[in-house]
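Asker: What follows is a structure written as structure tokens; I'll ask about it next.
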Amino acid sequence: MITLYFTLSAAFILIGFVLYFFLSKSFSPIPYFPTNVIDIPVIEKELEIKDGDIVYDLGAGTGEVIFKLAEKSNAQFYAVEINPVLITILWIKWLIHSNRKNIHIVGKSLFDLDFSNATKIYLFTGPYVMNRILQLVAKVKPENLQKIISYRYDFGELPNYLESKYYRTVSDTGKQNLYMLNVRIR
């Protein structure tokens, strides 16, 4: 009986520890929720990745999207994540990925990152940081950046320095909405 008590106590402590790392704002301002794998083919189609593209996944989590996209392309992929547990998972997946030479793991806050060379950006962040992200996008070279796709959350009201060629919701085959922005910086 005592062994069962200690085993259950250890299990609860371990679960609490894991939840703390995945959901704590001290490691990331945005809790971890994975992109649904059903939506990845839609994301891939809408990003239209070509060889030579530089694709950033801001808030990469465990890398489900970036590793799937890297299977079929010689583009350069950057998985940006701040949570140390998720970064460890990214590195483990990177070690066994067939196209790891084109995948770069960046363990820092997306707000401290220079992604001015990006041609495509995929993000799954919270709506409360979208305005800050769009301010960073304004620093990207307009001749480089072609498209931003946000999973689940819309861009909100676009700042006056951004124009969108088109803005639409794509939900025909996936579970969540994708919000797409073709960027033209004034």
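Ligands are numbered from 1 in the order shown, residues from 1 within each chain, and chains are lettered A, B, ... in the order they appear in the structure tokens.
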Identify, on the basis of only C-alpha atoms, every residue whose closest approach to range 99-115 of chain A does not exceed 8 Å; exclude the query and any residue fewer than 2 positions from it along the same chain; express the result as a PyMOL selection string.

Answerer: chain A and resi 56+58-59+67+70-71+74-84+87+90-91+94-97+117-118+133+136+140

Asker: Could you take the residues named above and write them with C-alpha atoms, as an mmCIF file, in the first residue's frame?

Answerer:
```
data_model
loop_
_atom_site.group_PDB
_atom_site.id
_atom_site.type_symbol
_atom_site.label_atom_id
_atom_site.label_comp_id
_atom_site.auth_asym_id
_atom_site.auth_seq_id
_atom_site.Cartn_x
_atom_site.Cartn_y
_atom_site.Cartn_z
ATOM 1 C CA TYR A 56 10.240 30.494 -40.179
ATOM 2 C CA LEU A 58 7.480 31.089 -34.926
ATOM 3 C CA GLY A 59 6.479 29.166 -31.831
ATOM 4 C CA PHE A 67 9.546 18.767 -39.957
ATOM 5 C CA ALA A 70 11.029 19.933 -44.689
ATOM 6 C CA GLU A 71 10.353 16.412 -45.985
ATOM 7 C CA ASN A 74 15.119 22.087 -50.166
ATOM 8 C CA ALA A 75 14.088 25.391 -48.625
ATOM 9 C CA GLN A 76 15.743 26.498 -45.381
ATOM 10 C CA PHE A 77 13.555 26.020 -42.308
ATOM 11 C CA TYR A 78 13.899 27.748 -38.944
ATOM 12 C CA ALA A 79 12.032 26.374 -35.934
ATOM 13 C CA VAL A 80 11.856 29.134 -33.312
ATOM 14 C CA GLU A 81 10.926 28.061 -29.798
ATOM 15 C CA ILE A 82 11.677 29.349 -26.293
ATOM 16 C CA ASN A 83 10.432 26.509 -24.065
ATOM 17 C CA PRO A 84 13.417 24.312 -23.046
ATOM 18 C CA ILE A 87 13.546 22.685 -27.711
ATOM 19 C CA LEU A 90 12.953 19.596 -31.498
ATOM 20 C CA TRP A 91 16.617 18.552 -31.256
ATOM 21 C CA TRP A 94 16.153 16.938 -35.821
ATOM 22 C CA LEU A 95 18.671 14.145 -35.141
ATOM 23 C CA ILE A 96 16.513 11.555 -36.913
ATOM 24 C CA HIS A 97 15.108 13.740 -39.723
ATOM 25 C CA ASN A 117 15.589 37.216 -44.490
ATOM 26 C CA ALA A 118 12.263 35.322 -44.213
ATOM 27 C CA ILE A 133 4.654 40.175 -34.321
ATOM 28 C CA LEU A 136 8.532 42.843 -36.248
ATOM 29 C CA VAL A 140 11.504 42.354 -42.836
#
```

Asker: Which range 82-159 of chain A residues have any atom within 8 Å of an atom of range 30-47 of chain A, and for each, what is the nearest pair of atoms with distance in Å to one decimal, counting only C-alpha atoms, rows sorted by chain and number, as JSON lines?

Answerer:
```
{"residue": "A:Lys120", "atom": "CA", "partner": "A:Leu47", "partner_atom": "CA", "distance": 7.0}
{"residue": "A:Phe124", "atom": "CA", "partner": "A:Thr35", "partner_atom": "CA", "distance": 7.6}
{"residue": "A:Thr125", "atom": "CA", "partner": "A:Ile30", "partner_atom": "CA", "distance": 6.5}
{"residue": "A:Gly126", "atom": "CA", "partner": "A:Ile30", "partner_atom": "CA", "distance": 6.2}
{"residue": "A:Lys147", "atom": "CA", "partner": "A:Leu47", "partner_atom": "CA", "distance": 7.0}
{"residue": "A:Ile148", "atom": "CA", "partner": "A:Leu47", "partner_atom": "CA", "distance": 7.9}
{"residue": "A:Ile149", "atom": "CA", "partner": "A:Leu47", "partner_atom": "CA", "distance": 7.3}
{"residue": "A:Tyr151", "atom": "CA", "partner": "A:Thr35", "partner_atom": "CA", "distance": 7.7}
```

Asker: Generate a file of the selected residues that holds N, CA, C and O atoms, formatted as a tab-separated table (two decimals), in the first residue's frame.

Answerer:
```tsv
chain	number	residue	atom	x	y	z
A	120	LYS	N	8.75	33.20	-46.03
A	120	LYS	CA	7.46	32.70	-45.57
A	120	LYS	C	7.53	32.56	-44.06
A	120	LYS	O	8.55	32.16	-43.51
A	124	PHE	N	1.83	29.96	-34.86
A	124	PHE	CA	0.71	29.55	-34.04
A	124	PHE	C	0.99	30.15	-32.67
A	124	PHE	O	1.65	29.56	-31.83
A	125	THR	N	0.56	31.38	-32.51
A	125	THR	CA	0.77	32.10	-31.26
A	125	THR	C	-0.59	32.57	-30.75
A	125	THR	O	-1.60	32.33	-31.38
A	126	GLY	N	-0.58	33.26	-29.65
A	126	GLY	CA	-1.83	33.78	-29.12
A	126	GLY	C	-2.21	35.10	-29.77
A	126	GLY	O	-1.35	35.81	-30.30
A	147	LYS	N	4.61	35.75	-47.69
A	147	LYS	CA	3.37	35.26	-47.09
A	147	LYS	C	3.57	34.95	-45.61
A	147	LYS	O	4.60	34.46	-45.21
A	148	ILE	N	2.53	35.25	-44.85
A	148	ILE	CA	2.47	34.87	-43.44
A	148	ILE	C	1.18	34.09	-43.25
A	148	ILE	O	0.12	34.51	-43.70
A	149	ILE	N	1.29	32.96	-42.58
A	149	ILE	CA	0.09	32.19	-42.24
A	149	ILE	C	0.03	32.04	-40.74
A	149	ILE	O	0.99	31.63	-40.10
A	151	TYR	N	-2.04	30.22	-37.72
A	151	TYR	CA	-2.92	29.09	-37.41
A	151	TYR	C	-3.85	29.48	-36.28
A	151	TYR	O	-3.41	29.91	-35.22
```

Asker: Counting only C-alpha atoms, figure out which residue out of A:Thr7, A:Asp53, A:Glu157, A:Ser150 gets nearest to Leu178 in chain A.

Answerer: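 So, comparing all the options, the nearest one is A:Ser150.
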
Asker: When you draw a straight line from CA of Lys139 in chain A to CA of Ser116 in chain A, how long is it in Å?

Answerer: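 Pair CA of Lys139 in chain A / CA of Ser116 in chain A returns 6.4 Å.
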
Asker: Work out how far CA of Val129 in chain A is from CA of Gly52 in chain A, in Å to one decimal.

Answerer: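 Separation of CA of Gly52 in chain A and CA of Val129 in chain A: 28.7 Å.
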
Asker: Kindly give the distance, in Å, that separates CA of Asn131 in chain A and CA of Asp154 in chain A, rounded to a single decimal.

Answerer: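 Interatomic distance, CA of Asn131 in chain A to CA of Asp154 in chain A: 10.6 Å.
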
Asker: Quick check for you: according to DSSP on this backbone, which residues of range 99-130 of chain A are classed as helix (DSSP H, G or I)? Reply as a list in words.

Answerer: Arg100, Lys101, Asn102, Leu110, Phe111, Asp112, Pro127, Tyr128, Val129 and Met130 of chain A
